[in-house]
2 protein chains.
Amino acid sequence: MLACLVNGTPADKISATERALQYGDGLFETIAVRGGRTEFVDRHFQRLQSGCERLALDFGDWTHLQAEVEMLSGQHPDAIIKIILSRGPGGRGYRFMPGQSTTRIVSAHALPDWPDDYADTGVRVRVCNIRLAIQPRLAGIKHLNRLEQVLARAEWQDEFQEGLLLDYNGRLVEASMSNVFLVREDRVVTPMLSDCGVAGVMRSVVIDLAGQLGMQCSVDTMSADVLDEKIELFICNSLIGIWPVVEISGRCRLEIGPTTRKLQQALKVCNKTQSGEWQQ
Amino acid sequence: MLACLVNGTPADKISATERALQYGDGLFETIAVRGGRTEFVDRHFQRLQSGCERLALDFGDWTHLQAEVEMLSGQHPDAIIKIILSRGPGGRGYRFMPGQSTTRIVSAHALPDWPDDYADTGVRVRVCNIRLAIQPRLAGIKHLNRLEQVLARAEWQDEFQEGLLLDYNGRLVEASMSNVFLVREDRVVTPMLSDCGVAGVMRSVVIDLAGQLGMQCSVDTMSADVLDEKIELFICNSLIGIWPVVEISGRCRLEIGPTTRKLQQALKVCNKTQSGEWQQ
């Protein structure tokens, strides 16, 4: 950890009574900072706001939070900024009181040292054994209850770069730390996340880019059988950007397709614009 | 919070990089201490051990943990002792490394101030709108991913004492902070917890007591329709003991039955024995 602010004050510790620690009662965001620019910061804040509404998390200090993100990204121009919002310290059991003061933890971390060429040469993935539970009340938001992802990630060491996750209905949902897109018959499709999964910021960027490039793009439920079809497959998140998938372990090898390359190229252009948003 | 030990040292803060905070990656126990005696402490440790195995949590400091629980219960003879095991600080994303050092947080808290007579006169409950997700990989253990319970508890204020929880298959599983038992045709039954729910220490005590009292007792899947039948219903956990349910909101009123009273009586005797275990 390069730096950490707890409610605006430099600190590397939090109260042992924080509800994020006690129950995973809170939300988080992971923002890439490159060349001093916080990438897609507006979208991260929008998702955080939507998460607050879904969890009835009473948070209003958006101005302070934004200033803290800016401060840390100024000090660490190539880093990850992580925001955690916890529903404050204390409380009696699971019950929370309206107006309970939310704790904000903003920290800066070194960018991960993945080989750059995963974006070029693609990655190998496995289909995880663990299935995602169906829980519409928590689907889409980036909450702190992440044991499913921890258990998923424990299924391999370094032999794969990601693990695909199906839900208990056998549908393809996402990967352990990223979202999934596939291309078949010139259509870009990503799984619907109304039952489970995290609606990634990069996922929303890719959906928008596909639209702006004139591609047909849809969000749909997706049987795991699609993984046996002749498709282009890629994963994405705020840190990795877009990684093509070249092998699904024990299942098939895949080609990196032209649609994936076009989207990568568009993302590169988009990342270079001042605003962090795509300018056509 | 009356007192807190982090890895054996008095402290009221933990590292902001703890995995329990980041992902809810850990376990907890809530132990009642009354008259200086840690009730059913062996069963709490057994469940914790089983949770460690299920989450591949590499924890070996059982002797220290036990000494810390004893120390705090010595200082606070009528209190709640809460144990949290977190999969240590740091780590790169969801991945954890074998041998990562588990953090233990042992804290003492005032016993809750519920009116004593809930055990005598019974409680009113509602059936919660939120459903529990089916996740066999996490079922039974007392892990730190508790947003479902937090959202369940937010469904009422003081008008009920508990909320019953069904799963996404429409089965009765437990209540927000307690386990559920029902009695019909002289059989004691509690829901099977292989899909979701927490296998409470008091639940295991009640199952044993029922057996020792010569009652027919079984663990079974349970359709929510049982709540419309003529039954005895009670809830239990380590802090409340056994509370009879006298009303399910919008559904029915229930009588407190003789089986519930016998089990309460047996629990009282059992709580008074030196060992904390039932001596017939």
# chains A, B, ... in the order shown; residues from 1 in each chain; ligands from 1
>>> select_by_dssp(residues="segment 17-257 of chain A", states="helix (DSSP H, G or I)", output="number ranges by chain")
A: 19-23, 41-55, 62-75, 118-121, 147-153, 201-212, 224-228
>>> closest_atom_pairs(of="chain A", to="chain B", cutoff="6 Å", atoms="only C-alpha atoms", output="Markdown table")
| residue | atom | partner | partner_atom | distance |
| --- | --- | --- | --- | --- |
| A:Asp12 | CA | B:Ala16 | CA | 5.5 |
| A:Lys13 | CA | B:Ser15 | CA | 4.4 |
| A:Ile14 | CA | B:Lys13 | CA | 5.2 |
| A:Ser15 | CA | B:Lys13 | CA | 4.4 |
| A:Ala16 | CA | B:Lys13 | CA | 4.8 |
| A:Ala20 | CA | B:Leu21 | CA | 5.3 |
| A:Leu21 | CA | B:Leu21 | CA | 4.2 |
| A:Tyr23 | CA | B:Arg146 | CA | 4.8 |
| A:Gly24 | CA | B:Gly24 | CA | 4.8 |
| A:Asp25 | CA | B:Leu147 | CA | 5.9 |
| A:Tyr94 | CA | B:Val150 | CA | 4.9 |
| A:Arg95 | CA | B:Arg153 | CA | 5.5 |
| A:Ala133 | CA | B:Gln135 | CA | 5.4 |
| A:Ile134 | CA | B:Ala133 | CA | 5.5 |
| A:Gln135 | CA | B:Ala133 | CA | 5.4 |
| A:Leu144 | CA | B:Tyr23 | CA | 5.0 |
| A:Asn145 | CA | B:Asn145 | CA | 4.7 |
| A:Arg146 | CA | B:Tyr23 | CA | 4.8 |
| A:Leu147 | CA | B:Asp25 | CA | 5.9 |
| A:Val150 | CA | B:Tyr94 | CA | 4.9 |
| A:Arg153 | CA | B:Arg95 | CA | 5.5 |
>>> write_last_selection(atoms="N, CA and C atoms", output="compact mmCIF listing (two decimals), in the first residue's frame")
# COMPACT_ATOMS: atom_id res chain seq x y z
N ASP A 12 -3.26 3.97 8.39
CA ASP A 12 -3.23 2.65 7.75
C ASP A 12 -4.02 1.63 8.56
N LYS A 13 -4.79 2.13 9.53
CA LYS A 13 -5.62 1.24 10.34
C LYS A 13 -7.05 1.75 10.40
N ILE A 14 -7.96 0.83 10.67
CA ILE A 14 -9.36 1.21 10.85
C ILE A 14 -9.88 0.57 12.13
N SER A 15 -10.98 1.09 12.63
CA SER A 15 -11.58 0.55 13.86
C SER A 15 -11.93 -0.93 13.69
N ALA A 16 -11.65 -1.69 14.74
CA ALA A 16 -11.99 -3.12 14.72
C ALA A 16 -13.51 -3.33 14.75
N ALA A 20 -17.65 -3.07 7.72
CA ALA A 20 -17.03 -3.75 6.58
C ALA A 20 -16.24 -4.95 7.05
N LEU A 21 -15.61 -4.84 8.21
CA LEU A 21 -14.85 -5.95 8.78
C LEU A 21 -15.79 -7.00 9.40
N TYR A 23 -19.09 -7.63 8.80
CA TYR A 23 -20.10 -8.28 7.95
C TYR A 23 -19.85 -8.12 6.44
N GLY A 24 -18.72 -7.49 6.08
CA GLY A 24 -18.57 -7.13 4.66
C GLY A 24 -19.62 -6.12 4.24
N ASP A 25 -20.03 -5.28 5.19
CA ASP A 25 -21.14 -4.35 4.97
C ASP A 25 -20.62 -3.06 4.34
N TYR A 94 -26.65 -7.23 13.27
CA TYR A 94 -26.81 -6.92 11.86
C TYR A 94 -27.54 -5.59 11.64
N ARG A 95 -28.28 -5.16 12.64
CA ARG A 95 -29.08 -3.95 12.48
C ARG A 95 -28.20 -2.71 12.30
N ALA A 133 -23.82 -17.90 -6.59
CA ALA A 133 -25.18 -17.99 -6.07
C ALA A 133 -26.08 -16.95 -6.73
N ILE A 134 -27.35 -17.30 -6.87
CA ILE A 134 -28.34 -16.38 -7.42
C ILE A 134 -28.81 -15.45 -6.30
N GLN A 135 -28.48 -14.18 -6.40
CA GLN A 135 -28.92 -13.22 -5.37
C GLN A 135 -29.16 -11.85 -6.01
N LEU A 144 -18.76 -5.81 -0.67
CA LEU A 144 -17.57 -6.39 -0.03
C LEU A 144 -17.73 -7.87 0.34
N ASN A 145 -18.80 -8.51 -0.06
CA ASN A 145 -18.98 -9.95 0.23
C ASN A 145 -18.38 -10.74 -0.93
N ARG A 146 -17.12 -11.04 -0.86
CA ARG A 146 -16.40 -11.58 -2.01
C ARG A 146 -15.79 -12.95 -1.79
N LEU A 147 -16.37 -13.73 -0.87
CA LEU A 147 -15.81 -15.07 -0.63
C LEU A 147 -15.93 -15.98 -1.85
N VAL A 150 -12.93 -15.22 -3.84
CA VAL A 150 -11.72 -15.72 -3.17
C VAL A 150 -11.60 -17.24 -3.39
N ARG A 153 -10.70 -17.95 -7.06
CA ARG A 153 -9.29 -17.66 -7.37
C ARG A 153 -8.35 -18.70 -6.79
>>> residues_around(residues="segment 113-117 of chain B", least_positions_apart="4", cutoff="9 Å", atoms="only C-alpha atoms", output="list in words")
Thr121, Gly122 and Ile240 of chain B
>>> residues_around(residues="Val173 of chain A", least_positions_apart="2", cutoff="10 Å", atoms="only C-alpha atoms", output="PyMOL selection string")
chain A and resi 131-132+164-167+170-171+175-176+179-181+190-198+220-224
>>> residues_around(residues="Arg261 of chain B", least_positions_apart="4", cutoff="10 Å", atoms="only C-alpha atoms", output="compact mmCIF listing (two decimals) with C-alpha atoms, in the first residue's frame")
# COMPACT_ATOMS: atom_id res chain seq x y z
CA ALA B 119 -38.06 -16.52 26.61
CA ASP B 120 -41.25 -16.70 28.70
CA ILE B 242 -34.53 -20.47 23.11
CA TRP B 243 -37.29 -17.96 22.26
CA PRO B 244 -40.77 -19.32 21.48
CA ILE B 256 -46.08 -21.89 23.13
CA GLY B 257 -46.01 -25.66 23.35
CA GLN B 265 -35.87 -26.19 30.94
CA ALA B 266 -33.21 -28.66 29.81
CA LEU B 267 -31.10 -25.82 28.44
>>> residues_around(residues="Ile231 of chain B", least_positions_apart="3", cutoff="7 Å", atoms="only C-alpha atoms", output="list in words")
Leu182, Val183 and Arg184 of chain B
>>> write_last_selection(atoms="C-alpha atoms", output="short mmCIF file (atom, residue, chain, number, x, y, z; two decimals), in the first residue's frame")
data_model
loop_
_atom_site.label_atom_id
_atom_site.label_comp_id
_atom_site.auth_asym_id
_atom_site.auth_seq_id
_atom_site.Cartn_x
_atom_site.Cartn_y
_atom_site.Cartn_z
CA LEU B 182 -40.58 -26.48 14.75
CA VAL B 183 -42.54 -29.14 16.49
CA ARG B 184 -45.36 -30.99 14.81
#
>>> select_by_dssp(residues="segment 6-93 of chain A", states="strand (DSSP E)", output="ChimeraX atom specification")
/A:6,9-10,13-15,26-34,37-38,79-86
